[in-house]
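Structure file run15.txt (compact mmCIF, C-alpha atoms) is printed below.
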```txt
# COMPACT_ATOMS: atom_id res chain seq x y z
CA MET A 302 0.00 0.00 0.00
CA ASN A 303 1.30 3.42 -0.90
CA GLN A 304 2.26 5.57 2.00
CA PHE A 305 0.88 9.01 2.59
CA PRO A 306 2.41 11.84 4.50
CA PHE A 307 0.95 12.09 8.02
CA GLN A 308 -1.00 8.84 7.82
CA PRO A 309 -1.08 7.39 11.33
CA ARG A 310 0.74 4.08 11.13
CA ASP A 311 3.17 1.86 12.93
CA LEU A 312 5.60 -0.75 11.66
CA GLU A 313 2.82 -3.06 10.55
CA GLY A 314 0.74 -0.55 8.65
CA PRO A 315 -1.96 2.05 9.11
CA VAL A 316 -3.65 2.39 12.46
CA PHE A 317 -7.15 3.65 13.07
CA ASN A 318 -8.58 5.45 16.04
CA GLU A 319 -12.20 4.65 15.29
CA PRO A 320 -14.08 2.18 13.12
CA TRP A 321 -15.40 4.84 10.73
CA GLU A 322 -11.82 5.68 9.84
CA ALA A 323 -11.20 2.12 8.69
CA GLN A 324 -14.50 2.19 6.79
CA ALA A 325 -13.54 5.36 4.98
CA PHE A 326 -10.13 3.85 4.31
CA SER A 327 -11.59 0.65 2.87
CA LEU A 328 -14.04 2.55 0.63
CA VAL A 329 -11.16 4.35 -1.03
CA ILE A 330 -9.19 1.14 -1.53
CA ALA A 331 -12.25 -0.62 -2.94
CA LEU A 332 -13.14 2.23 -5.34
CA HIS A 333 -9.56 2.41 -6.52
CA GLU A 334 -9.30 -1.35 -7.00
CA GLN A 335 -12.39 -1.43 -9.17
CA GLY A 336 -11.08 1.44 -11.30
CA SER A 337 -13.09 4.45 -10.15
CA PHE A 338 -9.91 6.52 -9.92
CA THR A 339 -6.17 6.05 -10.17
CA TRP A 340 -4.05 6.05 -7.08
CA GLU A 341 -2.35 9.17 -8.29
CA GLU A 342 -5.68 10.96 -8.62
CA TRP A 343 -6.52 9.92 -5.09
CA ALA A 344 -3.16 11.01 -3.70
CA THR A 345 -3.54 14.41 -5.38
CA THR A 346 -7.04 14.90 -4.00
CA LEU A 347 -6.04 13.85 -0.51
CA SER A 348 -2.92 15.96 -0.33
CA ALA A 349 -4.87 18.98 -1.62
CA GLU A 350 -7.39 18.39 1.16
CA ILE A 351 -4.65 18.13 3.78
CA SER A 352 -2.94 21.29 2.50
CA ARG A 353 -6.25 23.12 2.55
CA ALA A 354 -6.86 22.07 6.17
CA GLN A 355 -3.35 23.00 7.21
CA SER A 356 -3.62 26.40 5.59
CA GLN A 357 -6.74 26.89 7.73
CA GLY A 358 -4.77 26.13 10.86
CA ASP A 359 -5.24 22.38 11.34
CA PRO A 360 -2.11 21.03 13.05
CA ASP A 361 -2.84 17.56 11.62
CA LEU A 362 -1.38 15.55 14.42
CA GLY A 363 -2.99 12.39 13.14
CA ASP A 364 -6.30 12.72 14.93
CA SER A 365 -7.82 14.64 12.04
CA TYR A 366 -6.17 12.66 9.27
CA TYR A 367 -9.25 10.65 8.39
CA GLN A 368 -11.44 13.71 8.46
CA HIS A 369 -9.35 14.96 5.56
CA TRP A 370 -9.49 11.50 4.06
CA LEU A 371 -13.29 11.58 4.18
CA CYS A 372 -13.48 15.10 2.73
CA ALA A 373 -11.19 13.97 -0.09
CA LEU A 374 -13.30 10.87 -0.68
CA GLU A 375 -16.44 13.00 -0.95
CA LYS A 376 -14.66 15.40 -3.27
CA ILE A 377 -13.33 12.72 -5.62
CA SER A 378 -16.70 10.95 -5.60
CA ALA A 379 -18.36 14.16 -6.76
CA SER A 380 -15.69 15.07 -9.33
CA LYS A 381 -15.73 11.57 -10.81
CA ASN A 382 -19.53 11.56 -10.95
CA ILE A 383 -19.62 8.61 -8.58
CA CYS A 384 -22.14 10.39 -6.42
CA SER A 385 -22.99 14.04 -5.99
CA TYR A 386 -22.86 16.14 -2.85
CA PRO A 387 -26.67 16.54 -2.80
CA GLU A 388 -27.01 12.75 -3.04
CA MET A 389 -24.66 12.32 -0.08
CA ALA A 390 -26.51 14.96 1.94
CA THR A 391 -29.88 13.37 1.22
CA ARG A 392 -28.59 9.97 2.19
CA LYS A 393 -27.14 11.31 5.41
CA SER A 394 -30.54 12.77 6.34
CA LEU A 395 -32.14 9.41 5.60
CA TRP A 396 -29.75 7.69 8.01
CA ILE A 397 -30.52 10.27 10.68
CA ALA A 398 -34.22 9.58 10.20
CA ALA A 399 -33.57 5.84 10.28
CA TYR A 400 -31.81 6.18 13.62
CA ALA A 401 -34.68 8.24 15.00
CA HIS A 402 -37.29 5.74 13.88
CA THR A 403 -35.63 2.55 14.94
CA PRO A 404 -36.73 1.36 18.35
CA HIS A 405 -34.15 -0.25 20.54
CA GLY A 406 -33.59 -3.89 19.84
CA LYS A 407 -34.11 -3.57 16.09
CA PRO A 408 -31.30 -3.31 13.57
CA ILE A 409 -31.04 0.08 11.93
CA GLU A 410 -32.03 -0.16 8.29
CA LEU A 411 -32.61 2.62 5.80
CA SER A 412 -36.19 1.45 5.29
CA ALA A 413 -36.97 2.82 8.75
CA ALA A 414 -36.43 6.32 7.38
CA GLU A 415 -39.25 5.88 4.92
CA LYS A 416 -41.74 6.16 7.74
CA GLU A 417 -40.72 9.77 8.02
CA VAL A 418 -40.68 10.43 4.31
CA GLY A 419 -44.16 8.94 3.96
CA GLY A 420 -45.48 10.66 7.07
CA ARG A 421 -45.21 9.23 10.53
CA GLY A 422 -47.52 6.36 11.24
CA MET B 1017 -22.26 0.19 37.45
CA PRO B 1018 -25.33 -2.01 37.14
CA HIS B 1019 -27.12 -1.53 33.91
CA ASP B 1020 -30.40 -3.01 32.86
CA HIS B 1021 -30.78 -2.58 29.21
CA SER B 1022 -34.51 -3.14 29.01
CA LEU B 1023 -35.32 -0.75 31.83
CA ASP B 1024 -32.96 2.06 31.01
CA HIS B 1025 -33.64 2.26 27.36
CA ASP B 1026 -37.34 1.95 26.86
CA GLN B 1027 -37.54 4.80 24.43
CA ASP B 1028 -33.93 4.81 23.43
CA HIS B 1029 -33.25 5.08 19.72
CA THR B 1030 -29.52 4.87 20.37
CA ASP B 1031 -27.32 7.91 20.16
CA LEU B 1032 -26.97 9.38 16.75
CA PRO B 1033 -23.48 8.67 15.42
CA SER B 1034 -21.14 11.57 14.81
CA ASP B 1035 -21.38 13.63 11.65
CA LEU B 1036 -18.26 11.89 10.35
CA GLU B 1037 -19.71 8.43 10.96
CA LEU B 1038 -22.95 9.43 9.25
CA ARG B 1039 -21.11 10.76 6.21
CA VAL B 1040 -19.17 7.52 5.87
CA LYS B 1041 -22.36 5.52 6.30
CA ALA B 1042 -24.09 7.66 3.65
CA LEU B 1043 -21.28 7.15 1.15
CA GLU B 1044 -20.92 3.47 1.88
CA SER B 1045 -24.62 2.76 1.40
CA LEU B 1046 -24.73 4.79 -1.84
CA LEU B 1047 -21.65 3.08 -3.27
CA LEU B 1048 -22.99 -0.35 -2.36
CA GLU B 1049 -26.33 0.46 -3.99
CA LYS B 1050 -24.66 1.68 -7.15
CA GLY B 1051 -22.66 -1.51 -7.25
CA LEU B 1052 -19.40 0.47 -7.24
CA VAL B 1053 -18.07 -1.36 -4.26
CA ASN B 1054 -18.63 -4.95 -3.42
CA PRO B 1055 -19.57 -5.81 0.18
CA ASP B 1056 -17.17 -8.78 0.15
CA THR B 1057 -14.30 -6.58 -0.97
CA LEU B 1058 -15.05 -4.07 1.78
CA ASN B 1059 -15.23 -6.86 4.33
CA THR B 1060 -11.93 -8.26 3.18
CA ILE B 1061 -10.23 -4.89 3.49
CA ILE B 1062 -11.76 -4.32 6.91
CA ASP B 1063 -10.73 -7.83 7.96
CA THR B 1064 -7.19 -7.09 6.96
CA TYR B 1065 -7.08 -4.02 9.12
CA GLU B 1066 -9.42 -4.81 11.96
CA ASN B 1067 -6.57 -6.21 14.00
CA ARG B 1068 -4.82 -2.89 13.62
CA VAL B 1069 -7.07 -1.00 16.00
CA GLY B 1070 -6.35 -3.48 18.63
CA PRO B 1071 -7.78 -6.64 20.03
CA ARG B 1072 -4.20 -6.52 21.32
CA ASN B 1073 -5.39 -3.98 23.91
CA GLY B 1074 -7.99 -6.43 25.13
CA VAL B 1075 -5.42 -9.22 25.02
CA HIS B 1076 -3.23 -7.18 27.32
CA VAL B 1077 -6.15 -6.54 29.70
CA VAL B 1078 -7.15 -10.21 29.89
CA ALA B 1079 -3.64 -11.63 30.32
CA LYS B 1080 -2.93 -9.07 33.02
CA ALA B 1081 -6.17 -9.92 34.82
CA TRP B 1082 -5.20 -13.61 34.73
CA THR B 1083 -1.82 -12.97 36.32
CA ASP B 1084 -2.26 -9.89 38.51
CA PRO B 1085 -4.94 -10.29 41.21
CA LYS B 1086 -4.79 -6.61 42.14
CA PHE B 1087 -5.41 -5.56 38.57
CA LYS B 1088 -8.19 -8.08 38.26
CA ALA B 1089 -9.91 -6.72 41.36
CA ALA B 1090 -9.61 -3.20 39.98
CA LEU B 1091 -10.89 -4.38 36.62
CA MET B 1092 -13.98 -6.00 38.08
CA ASN B 1093 -14.60 -3.03 40.34
CA ASP B 1094 -14.23 -0.24 37.78
CA PRO B 1095 -13.45 -1.61 34.32
CA THR B 1096 -13.32 1.74 32.54
CA ALA B 1097 -10.77 3.11 35.01
CA ALA B 1098 -8.70 -0.09 35.14
CA VAL B 1099 -8.48 -0.27 31.37
CA ALA B 1100 -7.66 3.44 31.21
CA SER B 1101 -4.81 2.79 33.66
CA LEU B 1102 -3.20 0.72 30.88
CA GLY B 1103 -3.58 3.65 28.52
CA TYR B 1104 -6.69 2.50 26.68
CA THR B 1105 -9.39 5.12 26.75
CA GLY B 1106 -12.54 5.43 24.73
CA ARG B 1107 -14.65 8.37 23.90
CA GLN B 1108 -16.26 10.27 26.69
CA GLY B 1109 -19.34 8.73 28.19
CA GLU B 1110 -18.56 5.23 27.11
CA HIS B 1111 -18.53 2.68 29.87
CA LEU B 1112 -16.92 -0.68 29.76
CA ASN B 1113 -18.26 -3.61 31.71
CA VAL B 1114 -16.19 -6.74 32.18
CA VAL B 1115 -18.10 -10.00 32.50
CA GLU B 1116 -16.16 -12.96 33.80
CA ASN B 1117 -16.61 -16.50 32.57
CA THR B 1118 -16.61 -19.12 35.30
CA ALA B 1119 -17.17 -22.86 35.45
CA GLN B 1120 -20.89 -22.11 35.86
CA VAL B 1121 -21.43 -19.06 33.65
CA HIS B 1122 -20.50 -18.34 30.06
CA ASN B 1123 -20.94 -14.79 28.79
CA LEU B 1124 -21.72 -13.75 25.25
CA VAL B 1125 -21.76 -10.21 23.89
CA VAL B 1126 -23.95 -8.85 21.12
CA CYS B 1127 -25.36 -5.54 20.00
CA THR B 1128 -28.87 -6.23 18.81
CA LEU B 1129 -29.37 -2.67 17.64
CA CYS B 1130 -26.36 -2.04 15.48
CA SER B 1131 -22.77 -2.90 16.20
CA CYS B 1132 -21.82 -1.24 19.48
CA TYR B 1133 -18.51 -2.78 20.36
CA PRO B 1134 -15.73 -2.06 22.85
CA TRP B 1135 -13.39 -0.98 20.09
CA THR B 1136 -10.87 0.63 22.40
CA VAL B 1137 -10.01 -2.84 23.66
CA LEU B 1138 -11.14 -5.05 20.77
CA GLY B 1139 -10.53 -3.02 17.64
CA LEU B 1140 -13.03 -3.10 14.81
CA PRO B 1141 -15.95 -5.46 15.11
CA PRO B 1142 -15.66 -8.53 12.89
CA VAL B 1143 -18.05 -8.70 9.97
CA TRP B 1144 -20.22 -11.41 11.50
CA TYR B 1145 -20.72 -9.36 14.67
CA LYS B 1146 -22.44 -6.70 12.59
CA SER B 1147 -24.61 -9.16 10.68
CA ALA B 1148 -28.35 -9.26 11.30
CA PRO B 1149 -28.39 -13.05 11.92
CA TYR B 1150 -25.82 -12.83 14.71
CA ARG B 1151 -27.54 -9.81 16.24
CA SER B 1152 -30.84 -11.62 16.53
CA ARG B 1153 -29.74 -15.22 17.07
CA ALA B 1154 -27.24 -14.45 19.82
CA VAL B 1155 -30.30 -13.56 21.88
CA SER B 1156 -32.84 -16.08 20.58
CA GLU B 1157 -30.59 -19.14 20.42
CA PRO B 1158 -27.18 -18.40 21.95
CA ARG B 1159 -26.21 -22.06 22.37
CA ALA B 1160 -26.77 -22.76 18.68
CA VAL B 1161 -24.65 -19.72 17.79
CA LEU B 1162 -21.90 -20.90 20.12
CA GLN B 1163 -21.98 -24.35 18.55
CA GLU B 1164 -21.47 -22.81 15.14
CA PHE B 1165 -18.29 -21.30 16.50
CA GLY B 1166 -17.31 -24.76 17.70
CA THR B 1167 -18.00 -23.92 21.32
CA GLU B 1168 -19.70 -26.74 23.19
CA LEU B 1169 -20.78 -25.97 26.74
CA ASP B 1170 -21.83 -28.44 29.38
CA ALA B 1171 -25.57 -28.50 29.88
CA GLY B 1172 -25.07 -27.17 33.41
CA VAL B 1173 -23.33 -24.01 32.24
CA CYS B 1174 -25.58 -20.98 32.17
CA VAL B 1175 -25.24 -18.68 29.14
CA ARG B 1176 -25.63 -14.96 29.77
CA VAL B 1177 -26.10 -12.66 26.80
CA TRP B 1178 -25.16 -9.01 27.14
CA ASP B 1179 -26.70 -6.49 24.76
CA SER B 1180 -24.36 -3.56 24.14
CA THR B 1181 -25.49 0.02 23.80
CA SER B 1182 -23.78 3.23 22.87
CA GLU B 1183 -23.26 3.84 26.59
CA MET B 1184 -22.32 0.36 27.75
CA ARG B 1185 -19.86 -2.00 26.11
CA TYR B 1186 -18.87 -5.44 27.30
CA LEU B 1187 -15.64 -7.34 27.41
CA VAL B 1188 -15.67 -11.02 28.28
CA LEU B 1189 -12.93 -12.18 30.63
CA PRO B 1190 -12.47 -15.76 29.42
CA LEU B 1191 -11.50 -18.65 31.67
CA ARG B 1192 -7.76 -19.04 31.96
CA PRO B 1193 -6.95 -22.30 30.17
CA GLN B 1194 -5.85 -25.24 32.26
CA GLY B 1195 -2.21 -26.16 32.19
CA THR B 1196 -1.02 -22.54 32.10
CA GLU B 1197 -0.30 -22.12 35.81
CA HIS B 1198 3.36 -21.29 35.20
CA TRP B 1199 2.86 -19.15 32.13
CA SER B 1200 3.88 -15.51 32.16
CA GLU B 1201 1.55 -12.68 31.20
CA GLN B 1202 3.45 -12.41 27.94
CA GLN B 1203 2.98 -16.09 27.13
CA LEU B 1204 -0.68 -16.03 28.13
CA GLN B 1205 -1.35 -13.25 25.63
CA GLN B 1206 -1.01 -15.80 22.84
CA LEU B 1207 -4.04 -17.62 24.20
CA VAL B 1208 -6.40 -14.65 24.19
CA SER B 1209 -8.32 -14.38 20.95
CA ARG B 1210 -10.68 -11.65 19.90
CA ASN B 1211 -13.51 -14.16 19.74
CA SER B 1212 -12.85 -15.28 23.30
CA MET B 1213 -13.35 -11.70 24.45
CA ILE B 1214 -16.68 -11.49 22.62
CA GLY B 1215 -17.59 -14.79 24.19
CA VAL B 1216 -18.19 -16.91 21.11
CA GLU B 1217 -15.16 -19.08 21.82
CA PRO B 1218 -13.05 -20.05 24.82
CA ALA B 1219 -9.46 -18.88 25.07
CA ARG B 1220 -7.03 -20.93 23.01
CA SER B 1221 -5.59 -24.01 24.63
CA PRO B 1222 -1.82 -24.24 25.22
CA GLU B 1223 -1.75 -27.13 22.75
CA ALA B 1224 -3.39 -25.04 20.02
CA VAL B 1225 -0.72 -22.39 20.38
CA GLU B 1226 2.11 -24.92 20.38
CA ASN B 1227 0.78 -26.44 17.16
CA THR B 1228 0.68 -23.15 15.32
CA SER B 1229 3.98 -21.69 16.48
CA SER B 1230 7.08 -23.24 15.08
```
As structure tokens:
Amino acid sequence: MNQFPFQPRDLEGPVFNEPWEAQAFSLVIALHEQGSFTWEEWATTLSAEISRAQSQGDPDLGDSYYQHWLCALEKISASKNICSYPEMATRKSLWIAAYAHTPHGKPIELSAAEKEVGGRG
Amino acid sequence: MPHDHSLDHDQDHTDLPSDLELRVKALESLLLEKGLVNPDTLNTIIDTYENRVGPRNGVHVVAKAWTDPKFKAALMNDPTAAVASLGYTGRQGEHLNVVENTAQVHNLVVCTLCSCYPWTVLGLPPVWYKSAPYRSRAVSEPRAVLQEFGTELDAGVCVRVWDSTSEMRYLVLPLRPQGTEHWSEQQLQQLVSRNSMIGVEPARSPEAVENTSS
């Protein structure tokens, strides 16, 4: 795996602070492996995102690395017409609704959000 | 801290994940729907890295509890603080409960709602832990689930199932395998598997470790 500046890692490879970081990481690897973008395109997008954050005062000590990673993933997804920002925003709202409508003890599924879209029953 | 899931969380919808988690979830579900990423590929990548967050932290906790009675007492008394004393801290407001396996009681951890998991000590949850069948069957037929993991319990052993929430996570303290009385903490670490700390399997036997290491 290519190395990136500032990526939190130890001798055995990247390390993650939270599960979502590994999820975001794996989405990029998977999209790249199936040809959605070249590794160089990804590296350029990510480093631009990191530079942008640093220029805005982010010290980037590793704890925010995957925030930049996620921003870059959203950016490259939009620029490659993989999915648009409005699509992502809509989907995020659906997940929020799904969380709100799922009683405890039931798995959270997107279908739960439809209750809200169709009017609460 | 005692915690009764059913009483405390009658109208609980679980805490909303962070904005970052929601954005990842949004992207992941869209990409899966569009067929741009394959769930098996994602799972393989996650599998490769899940050990990187650190079941090793939990391994440390368990092997220390097996060998250091003072630490074990502290761990059973205030798990969050004892684990933090080893340098493993979670996000604020997240409590860890340690449930100890004995000759009479076997503990099994699940999150029926989603995939709450003590990731500060166990790393990323394995794929099966997040699956709907495990989430429901661990509660409805725990012995059958255990058997599928190759774990056979005596009929007299009581199985306790612990349902995790965003506020309360569980770590199973497995039984220390027999024949390890003279093992050091370091050696014992080889016997502690992630699955044993979720409760689907016992700790590895000394023989199993000897067969794999050469």
Find the nearest atom pair between each residue of chain A and chain B for residues within 7 Å, count only C-alpha atoms, give distances in Å to one decimal, sort rows by chain and ascending number, and present the table as CSV.
```
residue,atom,partner,partner_atom,distance
A:Val316,CA,B:Arg1068,CA,5.5
A:Phe317,CA,B:Val1069,CA,5.5
A:Asn318,CA,B:Val1069,CA,6.6
A:Pro320,CA,B:Leu1140,CA,5.6
A:Trp321,CA,B:Glu1037,CA,5.6
A:Ala323,CA,B:Ile1062,CA,6.7
A:Ala325,CA,B:Val1040,CA,6.1
A:Ser327,CA,B:Ile1061,CA,5.7
A:Leu328,CA,B:Leu1058,CA,6.8
A:Ala331,CA,B:Val1053,CA,6.0
A:Leu332,CA,B:Val1053,CA,6.2
A:Met389,CA,B:Ala1042,CA,6.0
A:Arg392,CA,B:Ala1042,CA,5.3
A:Lys393,CA,B:Ala1042,CA,5.1
A:Tyr400,CA,B:His1029,CA,6.4
A:Ala401,CA,B:His1029,CA,5.9
A:Thr403,CA,B:His1029,CA,5.9
A:Pro404,CA,B:His1029,CA,5.3
A:His405,CA,B:His1029,CA,5.5
A:Gly406,CA,B:Leu1129,CA,4.9
A:Lys407,CA,B:Leu1129,CA,5.1
A:Pro408,CA,B:Leu1129,CA,4.5
A:Ile409,CA,B:Cys1130,CA,6.2
```
Just C-alpha atoms for this one: save the residues we selected as a PDB file, in the frame of the given file.
```
ATOM      1  CA  VAL A 316      -3.650   2.390  12.460  1.00  0.00           C
ATOM      2  CA  PHE A 317      -7.150   3.650  13.070  1.00  0.00           C
ATOM      3  CA  ASN A 318      -8.580   5.450  16.040  1.00  0.00           C
ATOM      4  CA  PRO A 320     -14.080   2.180  13.120  1.00  0.00           C
ATOM      5  CA  TRP A 321     -15.400   4.840  10.730  1.00  0.00           C
ATOM      6  CA  ALA A 323     -11.200   2.120   8.690  1.00  0.00           C
ATOM      7  CA  ALA A 325     -13.540   5.360   4.980  1.00  0.00           C
ATOM      8  CA  SER A 327     -11.590   0.650   2.870  1.00  0.00           C
ATOM      9  CA  LEU A 328     -14.040   2.550   0.630  1.00  0.00           C
ATOM     10  CA  ALA A 331     -12.250  -0.620  -2.940  1.00  0.00           C
ATOM     11  CA  LEU A 332     -13.140   2.230  -5.340  1.00  0.00           C
ATOM     12  CA  MET A 389     -24.660  12.320  -0.080  1.00  0.00           C
ATOM     13  CA  ARG A 392     -28.590   9.970   2.190  1.00  0.00           C
ATOM     14  CA  LYS A 393     -27.140  11.310   5.410  1.00  0.00           C
ATOM     15  CA  TYR A 400     -31.810   6.180  13.620  1.00  0.00           C
ATOM     16  CA  ALA A 401     -34.680   8.240  15.000  1.00  0.00           C
ATOM     17  CA  THR A 403     -35.630   2.550  14.940  1.00  0.00           C
ATOM     18  CA  PRO A 404     -36.730   1.360  18.350  1.00  0.00           C
ATOM     19  CA  HIS A 405     -34.150  -0.250  20.540  1.00  0.00           C
ATOM     20  CA  GLY A 406     -33.590  -3.890  19.840  1.00  0.00           C
ATOM     21  CA  LYS A 407     -34.110  -3.570  16.090  1.00  0.00           C
ATOM     22  CA  PRO A 408     -31.300  -3.310  13.570  1.00  0.00           C
ATOM     23  CA  ILE A 409     -31.040   0.080  11.930  1.00  0.00           C
TER      24      ILE A 409
END
```
re atom CA of Ile351 of chain A and atom CA of Lys376 of chain A: distance 12.5 Å
Report task. Give me the residues within 8 Å of segment 1114-1116 of chain B as an NGL selection string, counting all atoms listed in the file and dropping any in the same chain fewer than 6 places off. Result -> :B and (1091-1092 or 1095 or 1122-1123 or 1186-1191)
field: His1076 of chain B environment, 9 Å, all atoms listed in the file, sequence neighbours closer than 3 positions dropped, as a list in words
entry: Pro1071, Arg1072, Asn1073, Ala1079, Lys1080, Ala1081, Leu1102, Val1137, Glu1201, Gln1202, Gln1205 and Val1208 of chain B
Limited to C-alpha atoms, could you put the picked residues into a file as a PDB file, keeping the file's coordinate frame?
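Dumped to selection.pdb:
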```
ATOM      1  CA  PRO B1071      -7.780  -6.640  20.030  1.00  0.00           C
ATOM      2  CA  ARG B1072      -4.200  -6.520  21.320  1.00  0.00           C
ATOM      3  CA  ASN B1073      -5.390  -3.980  23.910  1.00  0.00           C
ATOM      4  CA  ALA B1079      -3.640 -11.630  30.320  1.00  0.00           C
ATOM      5  CA  LYS B1080      -2.930  -9.070  33.020  1.00  0.00           C
ATOM      6  CA  ALA B1081      -6.170  -9.920  34.820  1.00  0.00           C
ATOM      7  CA  LEU B1102      -3.200   0.720  30.880  1.00  0.00           C
ATOM      8  CA  VAL B1137     -10.010  -2.840  23.660  1.00  0.00           C
ATOM      9  CA  GLU B1201       1.550 -12.680  31.200  1.00  0.00           C
ATOM     10  CA  GLN B1202       3.450 -12.410  27.940  1.00  0.00           C
ATOM     11  CA  GLN B1205      -1.350 -13.250  25.630  1.00  0.00           C
ATOM     12  CA  VAL B1208      -6.400 -14.650  24.190  1.00  0.00           C
TER      13      VAL B1208
END
```
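If you count only C-alpha atoms and ignore residues fewer than 2 places along the chain from Thr345 of chain A, what sits within 12 Å of it is Phe305, Pro306, Phe338, Thr339, Trp340, Glu341, Glu342, Trp343, Leu347, Ser348, Ala349, Glu350, Ile351, Ser352, Trp370, Ala373, Leu374, Lys376 and Ile377 of chain A.
For the pair atom CA of Asn1113 of chain B and atom CA of Pro1134 of chain B, the interatomic distance is 9.3 Å.
Between atom CA of Thr346 of chain A and atom CA of Ile383 of chain A lies a distance of 14.8 Å.
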Counting only C-alpha atoms, the residue among A:Val329, A:Gln335, A:Ala398, A:Ala354 that lies closest to Gln368 of chain A is A:Ala354
With the input short on atoms, add all heavy atoms back to segment 1141-1147 of chain B and write it as a PDB file, in the frame of the given file.
```pdb
ATOM      1  N   PRO B1141     -15.159  -4.242  14.997  1.00  0.00           N
ATOM      2  CA  PRO B1141     -15.950  -5.460  15.110  1.00  0.00           C
ATOM      3  C   PRO B1141     -15.773  -6.333  13.874  1.00  0.00           C
ATOM      4  O   PRO B1141     -15.684  -5.824  12.766  1.00  0.00           O
ATOM      5  CB  PRO B1141     -17.392  -4.959  15.220  1.00  0.00           C
ATOM      6  CG  PRO B1141     -17.380  -3.548  14.765  1.00  0.00           C
ATOM      7  CD  PRO B1141     -15.978  -3.030  14.903  1.00  0.00           C
ATOM      8  N   PRO B1142     -15.731  -7.655  14.061  1.00  0.00           N
ATOM      9  CA  PRO B1142     -15.660  -8.530  12.890  1.00  0.00           C
ATOM     10  C   PRO B1142     -16.969  -8.434  12.099  1.00  0.00           C
ATOM     11  O   PRO B1142     -17.999  -8.004  12.621  1.00  0.00           O
ATOM     12  CB  PRO B1142     -15.503  -9.916  13.496  1.00  0.00           C
ATOM     13  CG  PRO B1142     -15.950  -9.801  14.913  1.00  0.00           C
ATOM     14  CD  PRO B1142     -15.740  -8.380  15.322  1.00  0.00           C
ATOM     15  N   VAL B1143     -16.897  -8.838  10.857  1.00  0.00           N
ATOM     16  CA  VAL B1143     -18.050  -8.700   9.970  1.00  0.00           C
ATOM     17  C   VAL B1143     -19.270  -9.438  10.517  1.00  0.00           C
ATOM     18  O   VAL B1143     -20.384  -8.919  10.506  1.00  0.00           O
ATOM     19  CB  VAL B1143     -17.659  -9.218   8.567  1.00  0.00           C
ATOM     20  CG1 VAL B1143     -18.873  -9.297   7.676  1.00  0.00           C
ATOM     21  CG2 VAL B1143     -16.593  -8.321   7.965  1.00  0.00           C
ATOM     22  N   TRP B1144     -19.063 -10.643  11.025  1.00  0.00           N
ATOM     23  CA  TRP B1144     -20.220 -11.410  11.500  1.00  0.00           C
ATOM     24  C   TRP B1144     -20.899 -10.747  12.685  1.00  0.00           C
ATOM     25  O   TRP B1144     -22.107 -10.888  12.883  1.00  0.00           O
ATOM     26  CB  TRP B1144     -19.830 -12.856  11.824  1.00  0.00           C
ATOM     27  CG  TRP B1144     -18.677 -13.019  12.783  1.00  0.00           C
ATOM     28  CD1 TRP B1144     -17.379 -13.293  12.464  1.00  0.00           C
ATOM     29  CD2 TRP B1144     -18.712 -12.921  14.231  1.00  0.00           C
ATOM     30  NE1 TRP B1144     -16.614 -13.366  13.611  1.00  0.00           N
ATOM     31  CE2 TRP B1144     -17.399 -13.145  14.694  1.00  0.00           C
ATOM     32  CE3 TRP B1144     -19.729 -12.667  15.159  1.00  0.00           C
ATOM     33  CZ2 TRP B1144     -17.072 -13.122  16.057  1.00  0.00           C
ATOM     34  CZ3 TRP B1144     -19.404 -12.638  16.514  1.00  0.00           C
ATOM     35  CH2 TRP B1144     -18.086 -12.868  16.942  1.00  0.00           C
ATOM     36  N   TYR B1145     -20.139 -10.006  13.496  1.00  0.00           N
ATOM     37  CA  TYR B1145     -20.720  -9.360  14.670  1.00  0.00           C
ATOM     38  C   TYR B1145     -21.774  -8.333  14.251  1.00  0.00           C
ATOM     39  O   TYR B1145     -22.744  -8.090  14.955  1.00  0.00           O
ATOM     40  CB  TYR B1145     -19.610  -8.695  15.484  1.00  0.00           C
ATOM     41  CG  TYR B1145     -20.050  -8.061  16.784  1.00  0.00           C
ATOM     42  CD1 TYR B1145     -20.125  -8.801  17.958  1.00  0.00           C
ATOM     43  CD2 TYR B1145     -20.388  -6.704  16.839  1.00  0.00           C
ATOM     44  CE1 TYR B1145     -20.525  -8.221  19.150  1.00  0.00           C
ATOM     45  CE2 TYR B1145     -20.785  -6.112  18.027  1.00  0.00           C
ATOM     46  CZ  TYR B1145     -20.851  -6.872  19.178  1.00  0.00           C
ATOM     47  OH  TYR B1145     -21.247  -6.292  20.360  1.00  0.00           O
ATOM     48  N   LYS B1146     -21.531  -7.737  13.076  1.00  0.00           N
ATOM     49  CA  LYS B1146     -22.440  -6.700  12.590  1.00  0.00           C
ATOM     50  C   LYS B1146     -23.620  -7.278  11.810  1.00  0.00           C
ATOM     51  O   LYS B1146     -24.518  -6.560  11.423  1.00  0.00           O
ATOM     52  CB  LYS B1146     -21.668  -5.717  11.692  1.00  0.00           C
ATOM     53  CG  LYS B1146     -20.581  -4.977  12.442  1.00  0.00           C
ATOM     54  CD  LYS B1146     -19.915  -3.932  11.559  1.00  0.00           C
ATOM     55  CE  LYS B1146     -18.904  -4.550  10.635  1.00  0.00           C
ATOM     56  NZ  LYS B1146     -18.136  -3.546   9.866  1.00  0.00           N
ATOM     57  N   SER B1147     -23.575  -8.579  11.538  1.00  0.00           N
ATOM     58  CA  SER B1147     -24.610  -9.160  10.680  1.00  0.00           C
ATOM     59  C   SER B1147     -25.922  -9.311  11.437  1.00  0.00           C
ATOM     60  O   SER B1147     -25.949  -9.574  12.644  1.00  0.00           O
ATOM     61  CB  SER B1147     -24.140 -10.533  10.182  1.00  0.00           C
ATOM     62  OG  SER B1147     -24.184 -11.469  11.240  1.00  0.00           O
TER      63      SER B1147
END
```
